[in-house]
>>> print(open('entry.pdb').read())   # PDB, C-alpha atoms
MODEL        1
ATOM      1  CA  MET B   1      17.000  79.324 -61.685
ATOM      2  CA  ALA B   2      13.681  77.858 -60.528
ATOM      3  CA  GLU B   3      15.447  75.869 -57.819
ATOM      4  CA  ALA B   4      17.316  78.971 -56.600
ATOM      5  CA  VAL B   5      14.193  81.149 -56.594
ATOM      6  CA  ALA B   6      12.197  78.510 -54.696
ATOM      7  CA  GLU B   7      15.038  78.244 -52.165
ATOM      8  CA  MET B   8      15.022  82.020 -51.644
ATOM      9  CA  THR B   9      11.317  81.924 -50.836
ATOM     10  CA  ARG B  10      11.655  78.874 -48.584
ATOM     11  CA  LYS B  11      14.387  80.382 -46.423
ATOM     12  CA  GLY B  12      12.806  83.843 -46.338
ATOM     13  CA  LEU B  13      16.162  85.629 -46.498
ATOM     14  CA  GLY B  14      15.763  87.479 -49.796
ATOM     15  CA  MET B  15      18.890  85.749 -51.082
ATOM     16  CA  THR B  16      20.562  82.410 -51.496
ATOM     17  CA  CYS B  17      24.249  81.522 -51.434
ATOM     18  CA  VAL B  18      26.077  79.817 -54.282
ATOM     19  CA  THR B  19      29.080  77.635 -53.441
ATOM     20  CA  ASP B  20      31.546  75.573 -55.453
ATOM     21  CA  ASP B  21      32.203  71.870 -54.868
ATOM     22  CA  SER B  22      34.536  72.616 -51.992
ATOM     23  CA  GLY B  23      31.942  74.735 -50.167
ATOM     24  CA  ARG B  24      33.617  78.028 -50.989
ATOM     25  CA  LEU B  25      31.189  80.909 -51.480
ATOM     26  CA  VAL B  26      31.350  82.016 -55.118
ATOM     27  CA  GLY B  27      28.337  84.330 -55.179
ATOM     28  CA  ILE B  28      24.921  85.188 -53.851
ATOM     29  CA  LEU B  29      21.662  85.446 -55.738
ATOM     30  CA  THR B  30      19.588  88.289 -54.311
ATOM     31  CA  ASP B  31      16.164  89.805 -54.932
ATOM     32  CA  GLY B  32      18.026  92.737 -56.477
ATOM     33  CA  ASP B  33      19.716  90.358 -58.936
ATOM     34  CA  LEU B  34      16.310  88.902 -59.851
ATOM     35  CA  ARG B  35      14.859  92.376 -60.442
ATOM     36  CA  ARG B  36      17.803  93.400 -62.625
ATOM     37  CA  LEU B  37      17.379  90.163 -64.566
ATOM     38  CA  MET B  38      13.640  90.770 -65.027
ATOM     39  CA  LEU B  39      14.355  94.218 -66.444
ATOM     40  CA  LYS B  40      16.983  92.803 -68.814
ATOM     41  CA  THR B  41      15.265  89.753 -70.233
ATOM     42  CA  ASP B  42      11.763  88.600 -71.118
ATOM     43  CA  ARG B  43      12.451  85.089 -69.843
ATOM     44  CA  PRO B  44      14.436  85.458 -66.632
ATOM     45  CA  MET B  45      14.000  81.824 -65.653
ATOM     46  CA  SER B  46      15.666  80.461 -68.765
ATOM     47  CA  GLY B  47      19.234  81.468 -67.817
ATOM     48  CA  ASP B  48      21.519  79.965 -65.201
ATOM     49  CA  VAL B  49      22.222  81.173 -61.666
ATOM     50  CA  ALA B  50      25.905  81.880 -62.334
ATOM     51  CA  SER B  51      25.122  84.559 -64.902
ATOM     52  CA  ALA B  52      22.516  86.271 -62.689
ATOM     53  CA  MET B  53      24.251  86.138 -59.304
ATOM     54  CA  THR B  54      26.344  88.770 -57.567
ATOM     55  CA  THR B  55      29.937  87.569 -57.612
ATOM     56  CA  LYS B  56      32.272  88.858 -54.903
ATOM     57  CA  PRO B  57      29.382  89.496 -52.498
ATOM     58  CA  ILE B  58      29.830  91.389 -49.265
ATOM     59  CA  THR B  59      30.582  88.829 -46.543
ATOM     60  CA  ILE B  60      31.534  88.768 -42.900
ATOM     61  CA  ARG B  61      33.906  86.405 -41.061
ATOM     62  CA  GLU B  62      32.325  84.043 -38.579
ATOM     63  CA  GLU B  63      34.378  85.419 -35.671
ATOM     64  CA  SER B  64      33.059  88.981 -36.262
ATOM     65  CA  LEU B  65      30.980  90.767 -33.657
ATOM     66  CA  ALA B  66      27.214  91.086 -34.118
ATOM     67  CA  ALA B  67      27.638  94.872 -33.961
ATOM     68  CA  GLU B  68      29.986  94.738 -36.937
ATOM     69  CA  ALA B  69      27.547  92.625 -38.971
ATOM     70  CA  LEU B  70      24.735  95.031 -38.138
ATOM     71  CA  ARG B  71      26.836  98.041 -39.136
ATOM     72  CA  THR B  72      27.617  96.391 -42.487
ATOM     73  CA  LEU B  73      23.918  95.691 -43.101
ATOM     74  CA  GLU B  74      23.067  99.269 -42.264
ATOM     75  CA  ASP B  75      25.886 100.831 -44.335
ATOM     76  CA  LYS B  76      24.966  98.776 -47.388
ATOM     77  CA  LYS B  77      21.192  99.037 -46.800
ATOM     78  CA  ILE B  78      20.883  95.270 -47.001
ATOM     79  CA  THR B  79      19.133  92.878 -44.630
ATOM     80  CA  SER B  80      21.167  89.674 -44.759
ATOM     81  CA  LEU B  81      24.800  88.797 -45.092
ATOM     82  CA  ALA B  82      26.762  85.640 -45.916
ATOM     83  CA  VAL B  83      29.141  84.454 -43.185
ATOM     84  CA  VAL B  84      32.382  82.764 -44.230
ATOM     85  CA  ASP B  85      35.251  81.038 -42.461
ATOM     86  CA  GLY B  86      38.952  81.782 -42.879
ATOM     87  CA  ARG B  87      39.237  79.875 -46.170
ATOM     88  CA  GLY B  88      36.131  81.475 -47.712
ATOM     89  CA  ALA B  89      33.805  78.529 -47.109
ATOM     90  CA  LEU B  90      30.192  79.417 -46.435
ATOM     91  CA  ALA B  91      29.431  79.154 -42.720
ATOM     92  CA  GLY B  92      25.906  80.580 -42.726
ATOM     93  CA  VAL B  93      23.806  83.683 -43.214
ATOM     94  CA  VAL B  94      22.916  86.320 -40.637
ATOM     95  CA  GLN B  95      19.785  88.385 -41.006
ATOM     96  CA  ILE B  96      18.922  91.736 -39.500
ATOM     97  CA  HIS B  97      16.130  90.140 -37.434
ATOM     98  CA  ASP B  98      18.743  87.916 -35.716
ATOM     99  CA  LEU B  99      21.004  90.826 -34.980
ATOM    100  CA  TRP B 100      19.400  94.049 -33.867
ATOM    101  CA  ARG B 101      18.152  92.737 -30.537
ATOM    102  CA  THR B 102      21.728  91.844 -29.588
ATOM    103  CA  GLN B 103      22.455  95.584 -29.431
ATOM    104  CA  LEU B 104      19.844  96.305 -26.770
ATOM    105  CA  PHE B 105      21.916  94.953 -23.896
TER
ATOM    106  CA  MET T   1       5.500  95.656 -64.400
ATOM    107  CA  ALA T   2       8.809  97.099 -65.655
ATOM    108  CA  GLU T   3       7.988 100.456 -64.104
ATOM    109  CA  ALA T   4       7.134  98.838 -60.756
ATOM    110  CA  VAL T   5      10.260  96.664 -60.732
ATOM    111  CA  ALA T   6      12.480  99.649 -61.588
ATOM    112  CA  GLU T   7      10.828 101.631 -58.774
ATOM    113  CA  MET T   8      11.520  98.818 -56.292
ATOM    114  CA  THR T   9      15.206  98.901 -57.180
ATOM    115  CA  ARG T  10      15.375 102.714 -57.121
ATOM    116  CA  LYS T  11      13.892 103.025 -53.632
ATOM    117  CA  GLY T  12      15.797 100.047 -52.229
ATOM    118  CA  LEU T  13      12.904  98.910 -50.042
ATOM    119  CA  GLY T  14      12.218  95.500 -51.588
ATOM    120  CA  MET T  15       8.655  96.572 -52.305
ATOM    121  CA  THR T  16       6.549  99.284 -53.845
ATOM    122  CA  CYS T  17       3.087 100.495 -52.862
ATOM    123  CA  VAL T  18       0.105 100.520 -55.206
ATOM    124  CA  THR T  19      -2.591 103.153 -54.657
ATOM    125  CA  ASP T  20      -5.865 104.012 -56.329
ATOM    126  CA  ASP T  21      -6.720 107.463 -57.729
ATOM    127  CA  SER T  22      -7.656 108.748 -54.289
ATOM    128  CA  GLY T  23      -4.312 107.719 -52.780
ATOM    129  CA  ARG T  24      -5.761 104.771 -50.878
ATOM    130  CA  LEU T  25      -3.357 101.841 -50.563
ATOM    131  CA  VAL T  26      -4.766  98.908 -52.559
ATOM    132  CA  GLY T  27      -1.754  96.598 -52.470
ATOM    133  CA  ILE T  28       2.001  96.225 -52.334
ATOM    134  CA  LEU T  29       4.295  94.553 -54.828
ATOM    135  CA  THR T  30       7.087  92.776 -52.980
ATOM    136  CA  ASP T  31      10.166  90.752 -53.910
ATOM    137  CA  GLY T  32       8.233  87.723 -52.693
ATOM    138  CA  ASP T  33       5.449  88.498 -55.178
ATOM    139  CA  LEU T  34       8.044  88.757 -57.963
ATOM    140  CA  ARG T  35       9.563  85.405 -57.011
ATOM    141  CA  ARG T  36       6.158  83.705 -56.913
ATOM    142  CA  LEU T  37       5.391  85.213 -60.321
ATOM    143  CA  MET T  38       8.708  83.993 -61.755
ATOM    144  CA  LEU T  39       7.940  80.458 -60.584
ATOM    145  CA  LYS T  40       4.453  80.617 -62.100
ATOM    146  CA  THR T  41       5.098  82.105 -65.508
ATOM    147  CA  ASP T  42       7.824  82.127 -68.160
ATOM    148  CA  ARG T  43       7.249  85.796 -68.921
ATOM    149  CA  PRO T  44       6.724  87.544 -65.591
ATOM    150  CA  MET T  45       7.048  91.027 -67.068
ATOM    151  CA  SER T  46       4.155  90.586 -69.476
ATOM    152  CA  GLY T  47       1.379  90.739 -66.864
ATOM    153  CA  ASP T  48       0.108  93.732 -64.904
ATOM    154  CA  VAL T  49       0.974  94.803 -61.373
ATOM    155  CA  ALA T  50      -2.562  94.313 -60.038
ATOM    156  CA  SER T  51      -2.513  90.579 -60.733
ATOM    157  CA  ALA T  52       0.935  90.084 -59.153
ATOM    158  CA  MET T  53       0.636  92.310 -56.069
ATOM    159  CA  THR T  54      -0.285  91.383 -52.499
ATOM    160  CA  THR T  55      -3.731  92.780 -51.827
ATOM    161  CA  LYS T  56      -4.682  93.539 -48.214
ATOM    162  CA  PRO T  57      -1.026  94.008 -47.211
ATOM    163  CA  ILE T  58       0.041  94.323 -43.615
ATOM    164  CA  THR T  59       0.093  98.035 -42.758
ATOM    165  CA  ILE T  60       0.604 100.234 -39.753
ATOM    166  CA  ARG T  61      -1.153 103.488 -38.825
ATOM    167  CA  GLU T  62       0.953 106.630 -38.919
ATOM    168  CA  GLU T  63       0.347 107.361 -35.216
ATOM    169  CA  SER T  64       1.773 103.972 -34.165
ATOM    170  CA  LEU T  65       4.897 103.724 -32.045
ATOM    171  CA  ALA T  66       8.202 102.737 -33.654
ATOM    172  CA  ALA T  67       8.346  99.774 -31.253
ATOM    173  CA  GLU T  68       5.039  98.500 -32.624
ATOM    174  CA  ALA T  69       6.235  98.792 -36.234
ATOM    175  CA  LEU T  70       9.419  96.934 -35.350
ATOM    176  CA  ARG T  71       7.481  94.172 -33.598
ATOM    177  CA  THR T  72       5.296  93.749 -36.685
ATOM    178  CA  LEU T  73       8.352  93.514 -38.949
ATOM    179  CA  GLU T  74       9.891  90.944 -36.655
ATOM    180  CA  ASP T  75       6.727  88.866 -36.217
ATOM    181  CA  LYS T  76       6.141  88.714 -39.958
ATOM    182  CA  LYS T  77       9.865  88.380 -40.817
ATOM    183  CA  ILE T  78       9.588  91.307 -43.206
ATOM    184  CA  THR T  79      11.805  94.367 -43.481
ATOM    185  CA  SER T  80       9.489  97.170 -44.592
ATOM    186  CA  LEU T  81       5.928  98.156 -43.933
ATOM    187  CA  ALA T  82       3.422 100.528 -45.552
ATOM    188  CA  VAL T  83       2.156 103.319 -43.294
ATOM    189  CA  VAL T  84      -1.439 104.524 -43.762
ATOM    190  CA  ASP T  85      -3.601 107.264 -42.319
ATOM    191  CA  GLY T  86      -7.056 106.871 -40.803
ATOM    192  CA  ARG T  87      -8.813 106.657 -44.166
ATOM    193  CA  GLY T  88      -6.364 104.086 -45.596
ATOM    194  CA  ALA T  89      -4.362 106.552 -47.683
ATOM    195  CA  LEU T  90      -0.690 105.760 -48.085
ATOM    196  CA  ALA T  91       1.384 107.960 -45.790
ATOM    197  CA  GLY T  92       4.805 106.352 -46.362
ATOM    198  CA  VAL T  93       6.923 103.273 -45.797
ATOM    199  CA  VAL T  94       9.054 102.447 -42.765
ATOM    200  CA  GLN T  95      12.019 100.165 -43.084
ATOM    201  CA  ILE T  96      13.815  98.148 -40.429
ATOM    202  CA  HIS T  97      16.966 100.267 -40.893
ATOM    203  CA  ASP T  98      14.952 103.365 -39.861
ATOM    204  CA  LEU T  99      13.520 101.687 -36.822
ATOM    205  CA  TRP T 100      15.816  99.467 -34.823
ATOM    206  CA  ARG T 101      18.051 102.272 -33.591
ATOM    207  CA  THR T 102      15.023 103.985 -32.042
ATOM    208  CA  GLN T 103      14.886 101.112 -29.547
ATOM    209  CA  LEU T 104      18.382 101.682 -28.177
ATOM    210  CA  PHE T 105      17.401 104.658 -26.015
TER
ENDMDL
END
>>> encode(input="entry.pdb", output="structure tokens")
Amino acid sequence: MAEAVAEMTRKGLGMTCVTDDSGRLVGILTDGDLRRLMLKTDRPMSGDVASAMTTKPITIREESLAAEALRTLEDKKITSLAVVDGRGALAGVVQIHDLWRTQLF
Amino acid sequence: MAEAVAEMTRKGLGMTCVTDDSGRLVGILTDGDLRRLMLKTDRPMSGDVASAMTTKPITIREESLAAEALRTLEDKKITSLAVVDGRGALAGVVQIHDLWRTQLF
């Protein structure tokens, strides 16, 4: 958990992605997950990431349009989104700061 | 702490504002503060909000333009911002989802 939480702070995305050995996205650990964990247990750092993470997270395919990513962020009231390729492998993360300016033109 | 963390989840802003008896903003408790606390202590929920919160948070005055609020969010890579009046009283919170569309026109 400590490693995941430190990673979330380092990247400044409010989340971190969890992949299996083949690079397939199996979940994301978000600030919301951490808050739910804090409300559930006295010692949130003593568990493992797999039991705290959001499985089946909302994702977007890498060939999607920026406008589509932005609409998903807005609909779900979230600020970052995991990007996957056709076989479900993690390709990256897009954040609202990267996206909204693309809609000005 | 539990009350503050539950409030953060309820409002969906990734932060909550802390005011004194006169309504003046004295700090904000953010997801970043919670993560730093989790890395520092085994029992993050046992302390009080005042010792975990960000004092002197970035704020914006209520008469500011939306464009200015958005620029601040972008510069600081944050997604919500406390709004204060001339005497430092909390007037509200603006979030990036409320703001970016205002720049399309």
>>> interface_residues(input="entry.pdb", of="chain B", to="chain T", cutoff="8 Å", atoms="all atoms listed in the file", output="list in words")
Ala2, Val5, Ala6, Thr9, Gly12, Gly14, Asp31, Gly32, Arg35, Met38, Leu39, Asp42, Arg43, Pro44, Met45, Glu74, Lys77, Thr79, His97, Trp100, Gln103 and Leu104 of chain B
>>> residues_around(input="entry.pdb", residues="Val26 in chain T", least_positions_apart="3", cutoff="9 Å", atoms="only C-alpha atoms", output="list in words")
Cys17, Val18, Thr19, Asp20, Gly23, Thr54, Thr55, Lys56, Pro57 and Gly88 of chain T
>>> resolve_selection(input="entry.pdb", expression="the PyMOL selection byres ((chain T and resi 92-94) around 6)", output="list in words")
Ser80, Leu81, Ala82, Val83, Leu90, Ala91 and Gln95 of chain T
>>> axis_aligned_box(input="entry.pdb", around="range 25-33 of chain T", padding_each_side="8 Å", output="JSON")
{"center_x": 2.7, "center_y": 94.8, "center_z": -52.9, "size_x": 30.9, "size_y": 30.1, "size_z": 20.6}
>>> closest_residue(input="entry.pdb", among="B:Val49, B:Ala89, B:Ile28, B:Leu37", to="Arg61 in chain B", atoms="all atoms listed in the file")
B:Ala89
>>> atom_distance(input="entry.pdb", atom1="CA of Asp85 in chain T", atom2="CA of Glu62 in chain T")
5.7 Å
>>> atom_distance(input="entry.pdb", atom1="CA of Arg87 in chain B", atom2="CA of Arg71 in chain B")
23.1 Å
>>> atom_distance(input="entry.pdb", atom1="CA of Arg10 in chain B", atom2="CA of Met15 in chain T")
18.3 Å
